[in-house]
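Structure below is data_8.cif: mmCIF, C-alpha atoms.
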data_start
#
loop_
_atom_site.label_atom_id
_atom_site.label_comp_id
_atom_site.auth_asym_id
_atom_site.auth_seq_id
_atom_site.Cartn_x
_atom_site.Cartn_y
_atom_site.Cartn_z
CA MET A 28 33.82 -27.64 31.30
CA LEU A 29 30.59 -29.41 32.08
CA ASN A 30 27.54 -27.55 33.09
CA PRO A 31 26.79 -28.33 36.79
CA SER A 32 23.08 -28.34 36.06
CA THR A 33 23.38 -31.14 33.48
CA PRO A 34 21.70 -34.38 34.68
CA CYS A 35 24.03 -37.29 35.42
CA GLY A 36 22.33 -39.54 32.87
CA VAL A 37 22.92 -37.01 30.12
CA MET A 38 26.56 -36.60 31.20
CA GLY A 39 27.18 -40.34 31.04
CA HIS A 40 25.57 -40.60 27.60
CA ALA A 41 27.64 -37.67 26.31
CA ALA A 42 30.87 -39.17 27.69
CA GLY A 43 30.12 -42.54 26.06
CA ALA A 44 29.36 -40.89 22.73
CA ALA A 45 32.59 -38.89 22.92
CA SER A 46 34.55 -42.08 23.59
CA GLU A 47 33.00 -43.78 20.59
CA ARG A 48 33.82 -40.82 18.38
CA SER A 49 37.43 -40.82 19.57
CA ASP A 50 37.83 -44.52 18.82
CA GLU A 51 36.44 -44.10 15.31
CA ALA A 52 38.56 -41.09 14.45
CA ALA A 53 41.89 -42.38 15.82
CA PRO A 54 42.76 -44.79 12.98
CA ALA A 55 41.97 -42.24 10.33
CA ALA A 56 44.13 -39.58 11.92
CA ALA A 57 47.07 -41.77 13.01
CA GLY A 58 49.09 -41.30 9.85
CA ASP A 59 48.25 -37.67 9.23
CA ARG A 60 50.07 -35.90 12.06
CA SER A 61 53.46 -35.25 10.43
CA ILE A 62 54.50 -33.00 7.59
CA ALA A 63 55.17 -34.89 4.34
CA SER A 64 58.66 -34.62 2.82
CA GLY A 65 58.87 -31.78 0.33
CA ALA A 66 55.38 -30.45 1.17
CA SER A 67 54.95 -26.72 1.66
CA GLU A 68 51.84 -27.08 3.84
CA PRO A 69 51.04 -29.44 6.72
CA ALA A 70 48.69 -32.28 6.00
CA ALA A 71 45.12 -31.77 7.22
CA GLU A 72 44.54 -33.18 10.67
CA LEU A 73 41.11 -34.54 11.45
CA ASP A 74 39.47 -33.44 14.67
CA ARG A 75 39.32 -36.42 17.05
CA ARG A 76 36.06 -35.09 18.50
CA ARG A 77 34.16 -35.23 15.21
CA HIS A 78 33.26 -37.81 12.61
CA GLY A 79 35.11 -37.71 9.32
CA ARG A 80 31.81 -37.26 7.47
CA THR A 81 29.50 -34.25 7.55
CA SER A 82 26.21 -34.62 9.37
CA PRO A 83 23.19 -34.38 7.04
CA ASN A 84 21.56 -32.10 9.61
CA SER A 85 24.50 -29.69 9.65
CA ARG A 86 24.47 -26.31 7.92
CA LEU A 87 27.77 -27.36 6.26
CA SER A 88 25.93 -30.02 4.27
CA ARG A 89 23.74 -27.44 2.54
CA LYS A 90 24.52 -26.53 -1.02
CA ARG A 91 24.66 -22.74 -1.14
CA SER A 92 24.60 -20.61 -4.23
CA ARG A 93 26.74 -17.51 -4.44
CA ASN A 94 23.77 -15.65 -5.90
CA SER A 95 21.41 -16.83 -3.19
CA PRO A 96 19.63 -13.71 -1.91
CA SER A 97 18.85 -13.12 1.74
CA SER A 98 15.13 -13.07 0.97
CA HIS A 99 14.86 -16.87 0.96
CA LEU A 100 12.84 -18.61 3.62
CA ARG A 101 14.84 -20.79 5.96
CA ASP A 102 13.51 -24.10 7.28
CA TRP A 103 12.22 -22.59 10.51
CA GLU A 104 10.51 -19.82 8.58
CA HIS A 105 8.71 -22.42 6.46
CA ALA A 106 7.41 -23.99 9.66
CA ILE A 107 6.04 -20.63 10.81
CA ASP A 108 4.56 -19.52 7.48
CA PRO A 109 4.33 -22.27 4.84
CA ARG A 110 3.06 -19.89 2.16
CA ILE A 111 5.18 -18.85 -0.78
CA HIS A 112 5.61 -15.08 -0.77
CA ILE A 113 5.68 -13.41 -4.17
CA GLY A 114 6.83 -9.83 -4.75
CA ILE A 115 5.99 -8.08 -8.01
CA ASP A 116 7.77 -4.86 -8.92
CA VAL A 117 5.71 -2.99 -11.50
CA SER A 118 6.98 -0.63 -14.17
CA LYS A 119 5.30 0.70 -17.29
CA ALA A 120 6.58 -2.03 -19.59
CA ARG A 121 7.59 -4.92 -17.32
CA LEU A 122 6.83 -6.94 -14.20
CA ASP A 123 9.78 -8.23 -12.16
CA VAL A 124 8.72 -11.16 -9.98
CA ALA A 125 10.60 -12.66 -7.01
CA MET A 126 9.50 -15.74 -5.07
CA SER A 127 10.56 -16.82 -1.61
CA ASP A 128 11.15 -20.42 -2.70
CA SER A 129 13.40 -19.59 -5.66
CA SER A 130 16.65 -17.72 -6.19
CA SER A 131 15.80 -16.76 -9.76
CA LEU A 132 13.80 -13.77 -10.93
CA LEU A 133 11.05 -13.78 -13.51
CA ALA A 134 10.50 -10.83 -15.86
CA VAL A 135 7.39 -10.59 -18.03
CA ASP A 136 5.80 -7.85 -20.11
CA ASN A 137 3.19 -5.69 -18.45
CA ASP A 138 0.43 -6.79 -20.81
CA LEU A 139 -2.04 -9.64 -21.23
CA LYS A 140 0.54 -11.92 -22.85
CA GLY A 141 2.91 -11.33 -19.96
CA PHE A 142 0.16 -11.94 -17.39
CA LEU A 143 -0.65 -15.33 -18.93
CA LYS A 144 3.05 -16.25 -18.85
CA LEU A 145 3.21 -15.22 -15.20
CA LEU A 146 0.18 -17.31 -14.25
CA LYS A 147 1.88 -20.42 -15.63
CA GLN A 148 4.87 -19.86 -13.31
CA LEU A 149 2.96 -19.09 -10.12
CA PRO A 150 2.03 -21.74 -7.54
CA PRO A 151 -1.67 -22.40 -6.78
CA PRO A 152 -3.52 -19.44 -5.24
CA ASP A 153 -4.04 -21.19 -1.88
CA ARG A 154 -0.30 -21.64 -1.41
CA CYS A 155 0.98 -18.13 -1.95
CA GLN A 156 0.70 -14.49 -0.95
CA VAL A 157 1.20 -11.87 -3.68
CA VAL A 158 2.22 -8.29 -2.90
CA MET A 159 2.83 -5.42 -5.32
CA GLU A 160 3.30 -1.68 -5.07
CA ALA A 161 0.65 0.82 -6.07
CA THR A 162 2.20 2.48 -9.13
CA GLY A 163 -0.52 4.74 -10.45
CA THR A 164 -2.41 2.82 -13.12
CA TYR A 165 0.44 0.54 -14.25
CA HIS A 166 -0.25 -2.15 -11.63
CA PHE A 167 -4.01 -2.23 -12.07
CA ASP A 168 -4.34 -4.59 -15.04
CA ALA A 169 -1.99 -7.12 -13.43
CA PHE A 170 -3.91 -6.84 -10.17
CA LEU A 171 -7.25 -7.48 -11.90
CA CYS A 172 -5.87 -10.46 -13.81
CA LEU A 173 -4.42 -12.10 -10.69
CA ASN A 174 -7.59 -11.39 -8.73
CA ASP A 175 -9.76 -12.93 -11.45
CA HIS A 176 -7.68 -16.12 -11.25
CA GLY A 177 -8.18 -16.46 -7.50
CA TYR A 178 -4.94 -14.95 -6.17
CA HIS A 179 -5.03 -12.83 -3.02
CA VAL A 180 -3.09 -9.67 -3.82
CA ALA A 181 -2.03 -6.95 -1.38
CA VAL A 182 -1.37 -3.59 -3.03
CA VAL A 183 0.88 -1.56 -0.72
CA PRO A 184 2.05 2.09 -0.75
CA PRO A 185 5.55 2.47 -2.23
CA ILE A 186 6.64 4.85 0.55
CA ARG A 187 6.18 2.13 3.17
CA VAL A 188 8.13 -0.45 1.18
CA ARG A 189 10.98 2.01 0.56
CA ALA A 190 11.15 2.89 4.25
CA PHE A 191 11.24 -0.82 5.11
CA ALA A 192 14.04 -1.42 2.59
CA THR A 193 16.12 1.45 3.98
CA GLY A 194 15.66 0.23 7.53
CA ALA A 195 16.66 -3.30 6.51
CA GLY A 196 19.83 -2.05 4.81
CA TRP A 197 18.73 -2.29 1.17
CA ILE A 198 20.15 1.08 0.11
CA ALA A 199 20.50 0.35 -3.61
CA LYS A 200 17.35 0.40 -5.70
CA THR A 201 16.73 -1.65 -8.83
CA ASP A 202 13.73 -3.54 -10.13
CA ALA A 203 15.24 -6.84 -8.99
CA ILE A 204 16.01 -5.48 -5.52
CA ASP A 205 12.54 -4.00 -5.21
CA ALA A 206 10.96 -7.35 -6.05
CA ARG A 207 13.03 -9.10 -3.37
CA VAL A 208 12.27 -6.34 -0.86
CA LEU A 209 8.56 -6.91 -1.47
CA VAL A 210 9.06 -10.59 -0.61
CA ARG A 211 10.70 -9.69 2.70
CA TYR A 212 8.05 -7.07 3.38
CA SER A 213 5.30 -9.62 2.77
CA LYS A 214 6.79 -11.92 5.43
CA VAL A 215 6.95 -9.40 8.27
CA ALA A 216 4.16 -6.86 7.58
CA GLU A 217 0.52 -7.29 8.48
CA LEU A 218 -0.89 -7.01 4.99
CA GLN A 219 -4.51 -6.46 4.12
CA ILE A 220 -5.78 -8.12 0.98
CA THR A 221 -6.92 -5.56 -1.58
CA GLU A 222 -10.46 -6.19 -2.70
CA LYS A 223 -11.35 -5.99 -6.37
CA PRO A 224 -13.63 -3.00 -7.02
CA SER A 225 -16.99 -3.58 -8.62
CA ASP A 226 -17.76 -2.58 -12.19
CA PHE A 227 -19.82 0.32 -10.86
CA GLN A 228 -16.90 1.47 -8.72
CA LEU A 229 -14.48 1.29 -11.64
CA LYS A 230 -16.80 3.26 -13.92
CA LEU A 231 -17.55 5.93 -11.33
CA HIS A 232 -13.89 6.32 -10.41
CA ALA A 233 -12.97 6.78 -14.08
CA LEU A 234 -15.67 9.43 -14.59
CA VAL A 235 -14.74 11.31 -11.41
CA THR A 236 -11.08 11.29 -12.42
CA ARG A 237 -11.91 12.54 -15.91
CA ARG A 238 -14.04 15.38 -14.54
CA ARG A 239 -11.16 16.45 -12.27
CA GLN A 240 -8.79 16.48 -15.25
CA LEU A 241 -11.16 18.65 -17.27
CA VAL A 242 -11.65 21.05 -14.35
CA ASP A 243 -7.87 21.37 -13.96
CA LEU A 244 -7.56 22.13 -17.68
CA HIS A 245 -10.29 24.76 -17.39
CA VAL A 246 -8.44 26.43 -14.51
CA GLN A 247 -5.22 26.45 -16.53
CA GLU A 248 -6.93 28.01 -19.54
CA SER A 249 -8.52 30.64 -17.28
CA ASN A 250 -5.05 31.57 -16.01
CA HIS A 251 -3.79 31.71 -19.59
CA PHE A 252 -6.70 33.98 -20.52
CA GLU A 253 -5.79 36.47 -17.80
CA ALA A 254 -2.14 36.51 -18.85
CA ALA A 255 -2.83 36.83 -22.59
CA ARG A 256 -2.60 40.24 -24.27
CA ASP A 257 -3.33 39.46 -27.91
CA LYS A 258 -7.02 39.49 -28.85
CA ALA A 259 -6.71 36.52 -31.23
CA VAL A 260 -5.09 34.45 -28.47
CA LYS A 261 -7.80 35.46 -26.01
CA ASP A 262 -10.50 34.41 -28.47
CA ASP A 263 -8.84 31.04 -28.97
CA ILE A 264 -8.53 30.48 -25.24
CA GLU A 265 -12.16 31.44 -24.76
CA GLN A 266 -13.24 28.84 -27.32
CA THR A 267 -11.22 26.21 -25.47
CA ARG A 268 -12.80 27.22 -22.17
CA ASN A 269 -16.28 26.95 -23.63
CA MET A 270 -15.48 23.52 -25.06
CA LEU A 271 -14.18 22.37 -21.66
CA LYS A 272 -17.35 23.62 -19.96
CA ILE A 273 -19.44 21.54 -22.35
CA ARG A 274 -17.33 18.45 -21.68
CA ILE A 275 -17.48 18.98 -17.91
CA THR A 276 -21.26 19.26 -18.07
CA ALA A 277 -21.46 16.08 -20.14
CA ILE A 278 -19.27 14.15 -17.69
CA GLU A 279 -21.34 15.37 -14.75
CA LYS A 280 -24.47 14.14 -16.51
CA GLN A 281 -22.89 10.69 -16.92
CA ILE A 282 -21.94 10.65 -13.23
CA ASP A 283 -25.50 11.53 -12.18
CA ASP A 284 -27.01 8.91 -14.48
CA LEU A 285 -24.60 6.26 -13.19
CA CYS A 286 -25.40 7.04 -9.55
CA ASP A 287 -29.14 7.01 -10.24
CA SER A 288 -28.85 3.59 -11.90
CA ASP A 289 -27.56 1.98 -8.68
CA PRO A 290 -30.06 2.02 -5.76
CA ASP A 291 -27.39 1.82 -3.06
CA ALA A 292 -25.30 4.57 -4.63
CA LYS A 293 -28.37 6.75 -5.09
CA ARG A 294 -29.26 6.34 -1.43
CA ARG A 295 -25.74 7.23 -0.31
CA VAL A 296 -25.71 10.36 -2.46
CA GLU A 297 -29.04 11.42 -0.93
CA LEU A 298 -27.68 10.91 2.59
CA MET A 299 -24.48 12.84 1.93
CA THR A 300 -26.13 15.76 0.13
CA SER A 301 -28.54 16.19 3.06
CA VAL A 302 -25.57 17.60 5.01
CA PRO A 303 -25.28 21.40 4.56
CA GLY A 304 -22.06 22.03 2.64
CA ILE A 305 -21.92 18.70 0.75
CA ALA A 306 -22.83 19.08 -2.94
CA LYS A 307 -23.52 16.33 -5.47
CA ARG A 308 -20.04 16.68 -6.95
CA THR A 309 -18.41 16.16 -3.55
CA ALA A 310 -20.69 13.20 -2.86
CA ALA A 311 -19.67 11.64 -6.18
CA VAL A 312 -15.98 12.01 -5.30
CA LEU A 313 -16.55 10.36 -1.91
CA LEU A 314 -18.57 7.59 -3.51
CA GLY A 315 -16.01 6.94 -6.24
CA GLU A 316 -12.73 7.40 -4.38
CA LEU A 317 -13.60 6.56 -0.76
CA PRO A 318 -15.66 3.34 -0.93
CA GLU A 319 -14.64 2.51 2.67
CA LEU A 320 -16.91 5.30 3.93
CA GLY A 321 -19.57 3.71 6.13
CA ASP A 322 -17.60 0.51 6.70
CA ALA A 323 -14.52 1.84 8.52
CA ASN A 324 -14.36 3.52 11.92
CA ARG A 325 -13.69 7.21 12.42
CA GLN A 326 -9.93 6.80 12.94
CA GLN A 327 -9.53 4.69 9.81
CA VAL A 328 -11.54 7.10 7.66
CA GLY A 329 -9.47 10.05 8.85
CA ALA A 330 -6.23 8.20 8.07
CA LEU A 331 -7.47 7.14 4.61
CA VAL A 332 -8.23 10.74 3.63
CA GLY A 333 -5.07 12.04 5.30
CA VAL A 334 -6.58 14.36 7.91
CA ALA A 335 -5.56 12.38 11.00
CA PRO A 336 -2.95 14.32 13.04
CA TYR A 337 0.21 12.36 13.89
CA ASN A 338 2.36 13.16 16.89
CA ARG A 339 6.13 13.71 16.65
CA ASP A 340 7.44 13.47 20.20
CA SER A 341 10.91 12.37 21.25
CA GLY A 342 12.34 12.80 24.73
CA LYS A 343 11.64 16.32 25.92
CA SER A 344 10.79 17.48 22.40
CA SER A 345 7.11 17.70 21.55
CA LYS A 346 6.44 19.06 18.08
CA LEU A 347 3.16 20.17 16.59
CA ARG A 348 0.90 17.43 15.26
CA SER A 349 0.64 17.28 11.48
CA ILE A 350 -1.25 15.37 8.82
CA ARG A 351 0.40 13.29 6.12
CA GLY A 352 -0.41 10.78 3.41
CA GLY A 353 -3.96 9.89 2.44
CA ARG A 354 -5.97 10.47 -0.71
CA ALA A 355 -5.26 13.99 -1.89
CA SER A 356 -8.16 14.13 -4.35
CA VAL A 357 -10.70 13.33 -1.64
CA ARG A 358 -9.07 15.76 0.75
CA SER A 359 -9.21 18.55 -1.84
CA ALA A 360 -12.92 17.98 -2.47
CA LEU A 361 -13.66 17.96 1.25
CA TYR A 362 -11.62 21.13 1.79
CA MET A 363 -14.08 23.18 -0.24
CA ALA A 364 -16.99 21.39 1.43
CA ALA A 365 -15.58 22.20 4.88
CA LEU A 366 -15.03 25.83 3.84
CA THR A 367 -18.70 26.08 2.85
CA ALA A 368 -19.88 24.19 5.94
CA SER A 369 -17.91 26.53 8.21
CA ARG A 370 -20.26 29.29 7.06
CA CYS A 371 -23.65 27.58 6.73
CA ASN A 372 -23.64 24.26 8.61
CA PRO A 373 -25.25 24.60 12.08
CA VAL A 374 -22.83 22.02 13.51
CA ILE A 375 -19.59 22.81 11.68
CA ARG A 376 -19.90 26.60 11.94
CA PRO A 377 -19.81 26.84 15.78
CA PHE A 378 -17.13 24.16 15.84
CA TYR A 379 -14.99 26.24 13.47
CA ARG A 380 -15.58 29.43 15.48
CA ARG A 381 -14.63 27.70 18.73
CA LEU A 382 -11.30 26.62 17.26
CA LYS A 383 -10.62 30.07 15.83
CA ASP A 384 -11.38 31.72 19.19
CA ALA A 385 -8.89 29.33 20.78
CA GLY A 386 -6.18 30.78 18.52
CA LYS A 387 -5.87 27.95 16.01
CA PRO A 388 -4.70 28.80 12.46
CA SER A 389 -7.38 28.78 9.77
CA LYS A 390 -6.02 25.71 7.96
CA VAL A 391 -5.86 23.78 11.20
CA CYS A 392 -9.48 24.70 11.86
CA LEU A 393 -10.55 23.63 8.37
CA THR A 394 -8.67 20.34 8.69
CA ALA A 395 -10.50 19.67 11.93
CA CYS A 396 -13.78 20.51 10.18
CA ILE A 397 -12.97 18.01 7.40
CA ARG A 398 -12.34 15.36 10.02
CA LYS A 399 -15.63 16.14 11.76
CA LEU A 400 -17.53 16.11 8.46
CA LEU A 401 -16.04 12.71 7.68
CA THR A 402 -17.06 11.41 11.10
CA ILE A 403 -20.63 12.63 10.57
CA LEU A 404 -20.87 11.23 7.04
CA ASN A 405 -19.40 7.90 8.14
CA ALA A 406 -21.94 7.59 10.95
CA MET A 407 -24.83 8.58 8.68
CA ILE A 408 -24.00 6.01 6.00
CA LYS A 409 -23.27 3.29 8.55
CA SER A 410 -26.65 3.82 10.25
CA ASP A 411 -28.51 4.79 7.03
CA THR A 412 -29.69 8.00 8.69
CA ALA A 413 -30.17 11.38 7.01
CA TRP A 414 -28.77 14.62 8.41
CA ASN A 415 -30.08 15.96 11.71
CA HIS A 416 -28.73 18.25 14.40
CA GLY A 417 -28.44 15.31 16.78
CA LEU A 418 -25.25 14.28 14.97
CA GLN A 419 -23.44 17.21 16.55
CA ASN A 420 -21.85 14.96 19.16
CA ALA A 421 -20.90 12.22 16.63
#
Just give me the structure as structure tokens.
Amino acid sequence: MLNPSTPCGVMGHAAGAASERSDEAAPAAAGDRSIASGASEPAAELDRRRHGRTSPNSRLSRKRSRNSPSSHLRDWEHAIDPRIHIGIDVSKARLDVAMSDSSSLLAVDNDLKGFLKLLKQLPPPDRCQVVMEATGTYHFDAFLCLNDHGYHVAVVPPIRVRAFATGAGWIAKTDAIDARVLVRYSKVAELQITEKPSDFQLKLHALVTRRRQLVDLHVQESNHFEAARDKAVKDDIEQTRNMLKIRITAIEKQIDDLCDSDPDAKRRVELMTSVPGIAKRTAAVLLGELPELGDANRQQVGALVGVAPYNRDSGKSSKLRSIRGGRASVRSALYMAALTASRCNPVIRPFYRRLKDAGKPSKVCLTACIRKLLTILNAMIKSDTAWNHGLQNA
């Protein structure tokens, strides 16, 4: 049935085209209407309304592979985003690479030889977008190598990619599937390119991490010392504790020397330690593991550390806000700083008492103090201003 809104000119053109198609198809189909003698199936009958050949613009003319994954870009997707999306799943020994313009997967070793092999297979940096998961330290060498060769790499949290895969129906999990999921995630997510840290940042982060490891070992040995009953064991544990103290002191000296060697870092440490409750060790952690401090806004800084409360409301249900995610090492360092500031800081102390008087639990109050400390520190570094009581309303 014709659409009443179709213009008459279009109707006439369509009728003429249909007539031409019927005339062309009639001779080909004239002898194919009956069942051949002795045949078990009727002969194929051509549709009079269609040409005998397949249109080159039809989906039927495409050559499809049985192994063709759903992560491939279609023609209209190429028109929207012409870049080639590359997903790299990282494990300890191997990199599994999927590309949006290819049905095959590439697997290379997670070492320099494998990186060089990967670079030969990748398209030019200006034609692609690379995304990989943050897998501890296993992804870092590959990230640095790609960054040094001009590729823009987005390092994303694994929990977000897994949630995306589950929502998209990718229930199974293998290295090959993860690589293809990263390709799909790269197409739809608003990714932020991960900047390569400076040599100073890499060195400071390594020293801060090593100090935290030594402190954790010292705490463990202290617990062992309290539980030990044999005198010989206690003496051995005490020697280990003394050795760890020496190593911690040596690492702290290296951190101080490194910060003093960089004028900008030295200035930032001076600004942060001017706040009552922030010690040099806390300032070093912030400097090494939260380089965004001073460049991001207050909401972003809170989310990065993991002290931003998220709501969980649905219908008539309104649950308590809670924090999640973020950088646990920075949050742990700021927890002790907030605990000290709640007792001696002229801004944080009344803020803490006001929350306690309102009936808030102690941990909720301390989390709010961490968030306020971060806001103050962020404003101080952004404006290059030392501590003063006027920052109370920051």
Exercise for the section: Pick out the closest residue to Lys147 (chain A) from this set: A:Ala195, A:Val135, A:Ile350, A:Ala233. Count all atoms listed in the file. Expected result: A:Val135
Practice task
Can you pull out every residue within 7 Å of Val334 (chain A), counting all atoms listed in the file, but drop anything in the same chain fewer than 2 positions away, and send it as a list in words?
Solution key: Gly329, Ala330, Val332, Pro336, Ile350, Thr394 and Arg398 of chain A
On this structure, which residues satisfy the PyMOL selection byres ((chain A and resi 221) around 8), written as a PDB file with C-alpha atoms, in the coordinates of the input?
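Final file, selection.pdb:
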ATOM      1  CA  HIS A 179      -5.030 -12.830  -3.020  1.00  0.00           C
ATOM      2  CA  VAL A 180      -3.090  -9.670  -3.820  1.00  0.00           C
ATOM      3  CA  ALA A 181      -2.030  -6.950  -1.380  1.00  0.00           C
ATOM      4  CA  VAL A 182      -1.370  -3.590  -3.030  1.00  0.00           C
ATOM      5  CA  GLN A 219      -4.510  -6.460   4.120  1.00  0.00           C
ATOM      6  CA  ILE A 220      -5.780  -8.120   0.980  1.00  0.00           C
ATOM      7  CA  GLU A 222     -10.460  -6.190  -2.700  1.00  0.00           C
ATOM      8  CA  LYS A 223     -11.350  -5.990  -6.370  1.00  0.00           C
TER       9      LYS A 223
END
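From CA of Thr276 (chain A) back to CA of Asp262 (chain A), the distance works out to 21.3 Å.
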Exercise for the section: Could you list the residues chosen by the PyMOL selection byres ((chain A and resi 185-193) around 8) in this structure as a list in words? Expected result: Glu160, Ala161, Thr162, Val183, Pro184, Gly194, Ala195, Gly196, Trp197, Ile198, Val208, Leu209 and Tyr212 of chain A
Practice task
Tell me which residues the PyMOL selection byres ((chain A and resi 282) around 9) grabs here, as a PyMOL selection string.
Solution key: chain A and resi 231+234-235+277-281+283-287+308+311
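Taking CA of Val374 (chain A) as the reference point, CA of Arg294 (chain A) is found at 22.6 Å.
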Practice task
Figure out the distance between CA of Ile113 (chain A) and CA of Arg211 (chain A), please, to one decimal in Å.
Solution key: 9.3 Å
Exercise on region 173-182 of chain A, axis-aligned box with 3 Å per side, report centre and edge lengths in Å to one decimal, as JSON:
{"center_x": -5.6, "center_y": -10.0, "center_z": -6.4, "size_x": 14.4, "size_y": 18.9, "size_z": 16.1}
Exercise for the section: List every protein, DNA or RNA residue that has an atom no more than 10 Å from (-29.3, 11.6, 5.0) in the file's coordinate frame, counting only C-alpha atoms, and report them as JSON, numbers by chain. Expected result: {"A": [294, 295, 296, 297, 298, 299, 300, 301, 302, 404, 407, 408, 410, 411, 412, 413, 414, 415]}
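Among the candidates A:Ile264, A:Val158, A:Leu241, A:Ile275, the one nearest to Met126 (chain A) when counting only C-alpha atoms is A:Val158.
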Practice task
Compare A:Val391, A:Arg376, A:Cys172, A:Lys214 by their minimum atom-to-atom distance to Arg348 (chain A), counting only C-alpha atoms, and give me the closest one.
Solution key: A:Val391
Exercise for the section: Could you check which of A:Ala125, A:Ala203, A:Gly315, A:Pro109 is closest to Asp226 (chain A), using all atoms listed in the file? Expected result: A:Gly315
Problem - Selection near Gly304 (chain A), 8 Å with only C-alpha atoms, sequence-local residues under 2 positions removed, as a VMD selection string - result: chain A and resid 300 302 306 364 to 365 367 to 368 371 to 372
Practice task
Extract, using all atoms listed in the file, all DNA, RNA and protein residues at most 10 Å from Thr236 (chain A), discarding same-chain residues fewer than 4 positions from it, and format them as a ChimeraX atom specification.
Solution key: /A:230-232,240-242,312,315-316,356
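Of the listed residues A:Asn338, A:Asn405, A:Ser344, A:Lys261, the one whose atoms come nearest to Gln326 (chain A) is A:Asn405, with distances taken using only C-alpha atoms.
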Near Tyr165 (chain A), counting only C-alpha atoms, which residues have an atom at most 7 Å away, once you skip same-chain residues fewer than 2 positions from it, shown as a PDB file with C-alpha atoms, in the frame of the given file?
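Just written: around32.pdb:
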ATOM      1  CA  VAL A 117       5.710  -2.990 -11.500  1.00  0.00           C
ATOM      2  CA  SER A 118       6.980  -0.630 -14.170  1.00  0.00           C
ATOM      3  CA  LYS A 119       5.300   0.700 -17.290  1.00  0.00           C
ATOM      4  CA  THR A 162       2.200   2.480  -9.130  1.00  0.00           C
ATOM      5  CA  GLY A 163      -0.520   4.740 -10.450  1.00  0.00           C
ATOM      6  CA  PHE A 167      -4.010  -2.230 -12.070  1.00  0.00           C
TER       7      PHE A 167
END
